[in-house]
Amino acid sequence: MDFYNEKLGLNVPEHIAIILDGNGRWAKKRLLPRNAGHLQGSRVLERICDDAIEIGLKYLTVYVFSTENWKRSESEVQGLMKILRNYLKTCIKRAGEKNMKVVILGKQDMLDEDIIRSINELEESSKNNTGLVFQIALNYGARDEMVRAMRKMTKDMIDKGIAPEMITEDMFASYLDTADAPDPDLIIRTSGEKRISNFLLWQCAYSEFDFPEVLWPDFNKKRLIEAVERYNKRDRRFGGVKEE
């Protein structure tokens, strides 16, 4: 359900998801190494969390590192992991200060042990916070998520005697990484690229999409509000019926 922000005069979606695209191109335009773009992108992400809280967003999900990103150069991946280490440590403090509950989506088996420890500490320390639910998709791919969900569900079917005809959409969704969050109302992909890139494939069935031309390191509160304004101009229809 949308939240009406009287100050903005807008209905703010309950859940916005963002594909953070354009860090490398931002750096290239400035004759900087790609990881300089990723570093600037991490700084923008901190500010956008504050902006999300200010406008009344309840859930924010960001695509930080995909299962396919391991194919990038070793130097870029190592640079990303260094930025991630620092970001996770900072996020532990910020989550407490901002009352954010932080959830990490994706599988952790390819991450270094110190990163996994930081993830566990971050989730544990913020689990009872009641403000913005901030979901970070890290080593995440939607196809992988659905395969992992199917494996867990199949095991439960065997162990608990669940018949195939008992399987419902809600049951399947309960095995996904996002089981405790509503589906995103709006998905934003920065940089102007119009692809979903294996992100929240199940959850995006009825999402609205927005593709601003701005590169992620140049994204800001003004751009976020502009995306919400465009969202407000659309007639949300489900099964041919306009959402009231």
# chains A, B, ... in the order shown; residues from 1 in each chain; ligands from 1
$ residues_around --residues "Lys233 of chain A" --least-positions-apart "3" --cutoff "12 Å" --atoms "only C-alpha atoms" --output "MDAnalysis selection string"
chainID A and resid 10:12 208 226:230 236
$ residues_around --residues "Pro33 of chain A" --least-positions-apart "5" --cutoff "9 Å" --atoms "only C-alpha atoms" --output "list in words"
Gly24, Ala27 and Lys28 of chain A
$ residues_around --residues "Leu8 of chain A" --least-positions-apart "4" --cutoff "9 Å" --atoms "only C-alpha atoms" --output "tab-separated table (two decimals) with C-alpha atoms, in the first residue's frame"
chain	number	residue	atom	x	y	z
A	4	TYR	CA	1.00	9.57	0.99
A	55	ILE	CA	10.20	10.18	1.98
A	225	ILE	CA	11.55	11.76	-6.22
$ select_by_dssp --residues "segment 38-96 of chain A" --states "alpha helix (DSSP H)" --output "PDB file with N, CA, C and O atoms, in the first residue's frame"
ATOM      1  N   HIS A  38      32.771   2.528  -8.432  1.00  0.00           N
ATOM      2  CA  HIS A  38      32.101   1.692  -7.420  1.00  0.00           C
ATOM      3  C   HIS A  38      32.178   2.345  -6.040  1.00  0.00           C
ATOM      4  O   HIS A  38      31.212   2.274  -5.262  1.00  0.00           O
ATOM      5  N   LEU A  39      33.309   2.962  -5.734  1.00  0.00           N
ATOM      6  CA  LEU A  39      33.451   3.638  -4.440  1.00  0.00           C
ATOM      7  C   LEU A  39      32.467   4.798  -4.329  1.00  0.00           C
ATOM      8  O   LEU A  39      31.789   4.954  -3.306  1.00  0.00           O
ATOM      9  N   GLN A  40      32.374   5.597  -5.388  1.00  0.00           N
ATOM     10  CA  GLN A  40      31.425   6.699  -5.370  1.00  0.00           C
ATOM     11  C   GLN A  40      29.991   6.167  -5.287  1.00  0.00           C
ATOM     12  O   GLN A  40      29.145   6.743  -4.594  1.00  0.00           O
ATOM     13  N   GLY A  41      29.734   5.053  -5.967  1.00  0.00           N
ATOM     14  CA  GLY A  41      28.408   4.445  -5.911  1.00  0.00           C
ATOM     15  C   GLY A  41      28.025   4.020  -4.511  1.00  0.00           C
ATOM     16  O   GLY A  41      26.855   4.141  -4.107  1.00  0.00           O
ATOM     17  N   SER A  42      29.001   3.523  -3.738  1.00  0.00           N
ATOM     18  CA  SER A  42      28.709   3.107  -2.357  1.00  0.00           C
ATOM     19  C   SER A  42      28.374   4.314  -1.483  1.00  0.00           C
ATOM     20  O   SER A  42      27.544   4.219  -0.568  1.00  0.00           O
ATOM     21  N   ARG A  43      28.984   5.447  -1.771  1.00  0.00           N
ATOM     22  CA  ARG A  43      28.675   6.665  -1.024  1.00  0.00           C
ATOM     23  C   ARG A  43      27.265   7.151  -1.336  1.00  0.00           C
ATOM     24  O   ARG A  43      26.534   7.599  -0.448  1.00  0.00           O
ATOM     25  N   VAL A  44      26.897   7.056  -2.605  1.00  0.00           N
ATOM     26  CA  VAL A  44      25.542   7.445  -3.012  1.00  0.00           C
ATOM     27  C   VAL A  44      24.514   6.545  -2.335  1.00  0.00           C
ATOM     28  O   VAL A  44      23.462   7.009  -1.899  1.00  0.00           O
ATOM     29  N   LEU A  45      24.822   5.267  -2.232  1.00  0.00           N
ATOM     30  CA  LEU A  45      23.893   4.325  -1.610  1.00  0.00           C
ATOM     31  C   LEU A  45      23.599   4.704  -0.170  1.00  0.00           C
ATOM     32  O   LEU A  45      22.455   4.609   0.290  1.00  0.00           O
ATOM     33  N   GLU A  46      24.603   5.154   0.561  1.00  0.00           N
ATOM     34  CA  GLU A  46      24.388   5.594   1.942  1.00  0.00           C
ATOM     35  C   GLU A  46      23.401   6.751   1.979  1.00  0.00           C
ATOM     36  O   GLU A  46      22.494   6.784   2.833  1.00  0.00           O
ATOM     37  N   ARG A  47      23.555   7.705   1.078  1.00  0.00           N
ATOM     38  CA  ARG A  47      22.664   8.872   1.062  1.00  0.00           C
ATOM     39  C   ARG A  47      21.250   8.486   0.653  1.00  0.00           C
ATOM     40  O   ARG A  47      20.272   9.025   1.182  1.00  0.00           O
ATOM     41  N   ILE A  48      21.137   7.552  -0.306  1.00  0.00           N
ATOM     42  CA  ILE A  48      19.812   7.157  -0.782  1.00  0.00           C
ATOM     43  C   ILE A  48      19.028   6.451   0.324  1.00  0.00           C
ATOM     44  O   ILE A  48      17.797   6.584   0.414  1.00  0.00           O
ATOM     45  N   CYS A  49      19.703   5.728   1.184  1.00  0.00           N
ATOM     46  CA  CYS A  49      19.020   5.123   2.343  1.00  0.00           C
ATOM     47  C   CYS A  49      18.400   6.213   3.211  1.00  0.00           C
ATOM     48  O   CYS A  49      17.246   6.093   3.654  1.00  0.00           O
ATOM     49  N   ASP A  50      19.137   7.281   3.457  1.00  0.00           N
ATOM     50  CA  ASP A  50      18.605   8.402   4.235  1.00  0.00           C
ATOM     51  C   ASP A  50      17.406   9.023   3.517  1.00  0.00           C
ATOM     52  O   ASP A  50      16.394   9.359   4.147  1.00  0.00           O
ATOM     53  N   ASP A  51      17.528   9.178   2.199  1.00  0.00           N
ATOM     54  CA  ASP A  51      16.443   9.771   1.415  1.00  0.00           C
ATOM     55  C   ASP A  51      15.201   8.884   1.445  1.00  0.00           C
ATOM     56  O   ASP A  51      14.068   9.384   1.525  1.00  0.00           O
ATOM     57  N   ALA A  52      15.413   7.579   1.361  1.00  0.00           N
ATOM     58  CA  ALA A  52      14.293   6.635   1.397  1.00  0.00           C
ATOM     59  C   ALA A  52      13.536   6.742   2.710  1.00  0.00           C
ATOM     60  O   ALA A  52      12.296   6.724   2.738  1.00  0.00           O
ATOM     61  N   ILE A  53      14.267   6.861   3.796  1.00  0.00           N
ATOM     62  CA  ILE A  53      13.640   7.025   5.111  1.00  0.00           C
ATOM     63  C   ILE A  53      12.867   8.338   5.161  1.00  0.00           C
ATOM     64  O   ILE A  53      11.729   8.390   5.640  1.00  0.00           O
ATOM     65  N   GLU A  54      13.459   9.390   4.636  1.00  0.00           N
ATOM     66  CA  GLU A  54      12.842  10.712   4.698  1.00  0.00           C
ATOM     67  C   GLU A  54      11.521  10.772   3.937  1.00  0.00           C
ATOM     68  O   GLU A  54      10.567  11.422   4.379  1.00  0.00           O
ATOM     69  N   ILE A  55      11.430  10.096   2.784  1.00  0.00           N
ATOM     70  CA  ILE A  55      10.204  10.182   1.984  1.00  0.00           C
ATOM     71  C   ILE A  55       9.148   9.171   2.441  1.00  0.00           C
ATOM     72  O   ILE A  55       8.027   9.175   1.943  1.00  0.00           O
ATOM     73  N   GLU A  74      39.781  -9.813 -12.237  1.00  0.00           N
ATOM     74  CA  GLU A  74      40.123 -10.097 -10.832  1.00  0.00           C
ATOM     75  C   GLU A  74      40.349  -8.807 -10.054  1.00  0.00           C
ATOM     76  O   GLU A  74      39.943  -8.687  -8.890  1.00  0.00           O
ATOM     77  N   SER A  75      40.990  -7.828 -10.697  1.00  0.00           N
ATOM     78  CA  SER A  75      41.275  -6.576  -9.990  1.00  0.00           C
ATOM     79  C   SER A  75      39.990  -5.833  -9.641  1.00  0.00           C
ATOM     80  O   SER A  75      39.872  -5.259  -8.551  1.00  0.00           O
ATOM     81  N   GLU A  76      39.009  -5.861 -10.560  1.00  0.00           N
ATOM     82  CA  GLU A  76      37.748  -5.189 -10.281  1.00  0.00           C
ATOM     83  C   GLU A  76      36.978  -5.912  -9.172  1.00  0.00           C
ATOM     84  O   GLU A  76      36.426  -5.274  -8.272  1.00  0.00           O
ATOM     85  N   VAL A  77      36.948  -7.249  -9.232  1.00  0.00           N
ATOM     86  CA  VAL A  77      36.240  -8.018  -8.205  1.00  0.00           C
ATOM     87  C   VAL A  77      36.870  -7.792  -6.840  1.00  0.00           C
ATOM     88  O   VAL A  77      36.160  -7.567  -5.847  1.00  0.00           O
ATOM     89  N   GLN A  78      38.201  -7.820  -6.780  1.00  0.00           N
ATOM     90  CA  GLN A  78      38.874  -7.604  -5.500  1.00  0.00           C
ATOM     91  C   GLN A  78      38.627  -6.191  -4.973  1.00  0.00           C
ATOM     92  O   GLN A  78      38.446  -5.983  -3.765  1.00  0.00           O
ATOM     93  N   GLY A  79      38.585  -5.227  -5.894  1.00  0.00           N
ATOM     94  CA  GLY A  79      38.281  -3.865  -5.496  1.00  0.00           C
ATOM     95  C   GLY A  79      36.865  -3.738  -4.951  1.00  0.00           C
ATOM     96  O   GLY A  79      36.619  -3.053  -3.951  1.00  0.00           O
ATOM     97  N   LEU A  80      35.939  -4.423  -5.599  1.00  0.00           N
ATOM     98  CA  LEU A  80      34.548  -4.427  -5.135  1.00  0.00           C
ATOM     99  C   LEU A  80      34.430  -5.053  -3.751  1.00  0.00           C
ATOM    100  O   LEU A  80      33.686  -4.558  -2.893  1.00  0.00           O
ATOM    101  N   MET A  81      35.151  -6.151  -3.529  1.00  0.00           N
ATOM    102  CA  MET A  81      35.099  -6.815  -2.228  1.00  0.00           C
ATOM    103  C   MET A  81      35.683  -5.930  -1.130  1.00  0.00           C
ATOM    104  O   MET A  81      35.188  -5.911   0.009  1.00  0.00           O
ATOM    105  N   LYS A  82      36.713  -5.158  -1.461  1.00  0.00           N
ATOM    106  CA  LYS A  82      37.299  -4.234  -0.483  1.00  0.00           C
ATOM    107  C   LYS A  82      36.292  -3.155  -0.107  1.00  0.00           C
ATOM    108  O   LYS A  82      36.114  -2.824   1.080  1.00  0.00           O
ATOM    109  N   ILE A  83      35.616  -2.608  -1.124  1.00  0.00           N
ATOM    110  CA  ILE A  83      34.589  -1.593  -0.872  1.00  0.00           C
ATOM    111  C   ILE A  83      33.455  -2.196  -0.046  1.00  0.00           C
ATOM    112  O   ILE A  83      32.932  -1.571   0.874  1.00  0.00           O
ATOM    113  N   LEU A  84      33.088  -3.437  -0.384  1.00  0.00           N
ATOM    114  CA  LEU A  84      32.008  -4.119   0.330  1.00  0.00           C
ATOM    115  C   LEU A  84      32.354  -4.308   1.801  1.00  0.00           C
ATOM    116  O   LEU A  84      31.512  -4.094   2.684  1.00  0.00           O
ATOM    117  N   ARG A  85      33.594  -4.715   2.080  1.00  0.00           N
ATOM    118  CA  ARG A  85      34.011  -4.905   3.470  1.00  0.00           C
ATOM    119  C   ARG A  85      33.815  -3.621   4.279  1.00  0.00           C
ATOM    120  O   ARG A  85      33.268  -3.633   5.383  1.00  0.00           O
ATOM    121  N   ASN A  86      34.277  -2.527   3.723  1.00  0.00           N
ATOM    122  CA  ASN A  86      34.149  -1.246   4.421  1.00  0.00           C
ATOM    123  C   ASN A  86      32.689  -0.833   4.542  1.00  0.00           C
ATOM    124  O   ASN A  86      32.275  -0.307   5.591  1.00  0.00           O
ATOM    125  N   TYR A  87      31.919  -1.087   3.491  1.00  0.00           N
ATOM    126  CA  TYR A  87      30.517  -0.689   3.502  1.00  0.00           C
ATOM    127  C   TYR A  87      29.739  -1.453   4.570  1.00  0.00           C
ATOM    128  O   TYR A  87      28.927  -0.868   5.291  1.00  0.00           O
ATOM    129  N   LEU A  88      29.975  -2.749   4.677  1.00  0.00           N
ATOM    130  CA  LEU A  88      29.254  -3.562   5.659  1.00  0.00           C
ATOM    131  C   LEU A  88      29.548  -3.093   7.076  1.00  0.00           C
ATOM    132  O   LEU A  88      28.643  -3.038   7.933  1.00  0.00           O
ATOM    133  N   LYS A  89      30.792  -2.761   7.354  1.00  0.00           N
ATOM    134  CA  LYS A  89      31.153  -2.275   8.688  1.00  0.00           C
ATOM    135  C   LYS A  89      30.457  -0.950   8.987  1.00  0.00           C
ATOM    136  O   LYS A  89      29.944  -0.727  10.086  1.00  0.00           O
ATOM    137  N   THR A  90      30.438  -0.072   7.996  1.00  0.00           N
ATOM    138  CA  THR A  90      29.762   1.212   8.163  1.00  0.00           C
ATOM    139  C   THR A  90      28.262   1.020   8.338  1.00  0.00           C
ATOM    140  O   THR A  90      27.609   1.707   9.129  1.00  0.00           O
ATOM    141  N   CYS A  91      27.725   0.050   7.593  1.00  0.00           N
ATOM    142  CA  CYS A  91      26.286  -0.189   7.610  1.00  0.00           C
ATOM    143  C   CYS A  91      25.812  -0.680   8.977  1.00  0.00           C
ATOM    144  O   CYS A  91      24.686  -0.381   9.387  1.00  0.00           O
ATOM    145  N   ILE A  92      26.645  -1.418   9.682  1.00  0.00           N
ATOM    146  CA  ILE A  92      26.288  -1.883  11.029  1.00  0.00           C
ATOM    147  C   ILE A  92      26.003  -0.688  11.928  1.00  0.00           C
ATOM    148  O   ILE A  92      24.995  -0.649  12.651  1.00  0.00           O
ATOM    149  N   LYS A  93      26.864   0.318  11.865  1.00  0.00           N
ATOM    150  CA  LYS A  93      26.686   1.520  12.677  1.00  0.00           C
ATOM    151  C   LYS A  93      25.472   2.316  12.208  1.00  0.00           C
ATOM    152  O   LYS A  93      24.641   2.749  13.016  1.00  0.00           O
ATOM    153  N   ARG A  94      25.342   2.491  10.886  1.00  0.00           N
ATOM    154  CA  ARG A  94      24.253   3.301  10.347  1.00  0.00           C
ATOM    155  C   ARG A  94      22.899   2.655  10.602  1.00  0.00           C
ATOM    156  O   ARG A  94      21.906   3.347  10.842  1.00  0.00           O
ATOM    157  N   ALA A  95      22.847   1.324  10.545  1.00  0.00           N
ATOM    158  CA  ALA A  95      21.577   0.624  10.793  1.00  0.00           C
ATOM    159  C   ALA A  95      21.075   0.918  12.201  1.00  0.00           C
ATOM    160  O   ALA A  95      19.876   1.118  12.418  1.00  0.00           O
ATOM    161  N   GLY A  96      21.997   0.938  13.166  1.00  0.00           N
ATOM    162  CA  GLY A  96      21.616   1.249  14.533  1.00  0.00           C
ATOM    163  C   GLY A  96      21.156   2.686  14.682  1.00  0.00           C
ATOM    164  O   GLY A  96      20.157   2.974  15.342  1.00  0.00           O
TER     165      GLY A  96
END
$ residues_around --residues "segment 151-163 of chain A" --least-positions-apart "5" --cutoff "12 Å" --atoms "only C-alpha atoms" --output "list in words"
Asp144, Glu145, Met146, Thr168, Met171, Phe172, Ala173, Ser174, Tyr175, Leu176 and Asp177 of chain A
$ residues_around --residues "Leu186 of chain A" --least-positions-apart "5" --cutoff "12 Å" --atoms "only C-alpha atoms" --output "ChimeraX atom specification"
/A:2,12-19,57,59-62,200,203-211,224,227-232,234,236
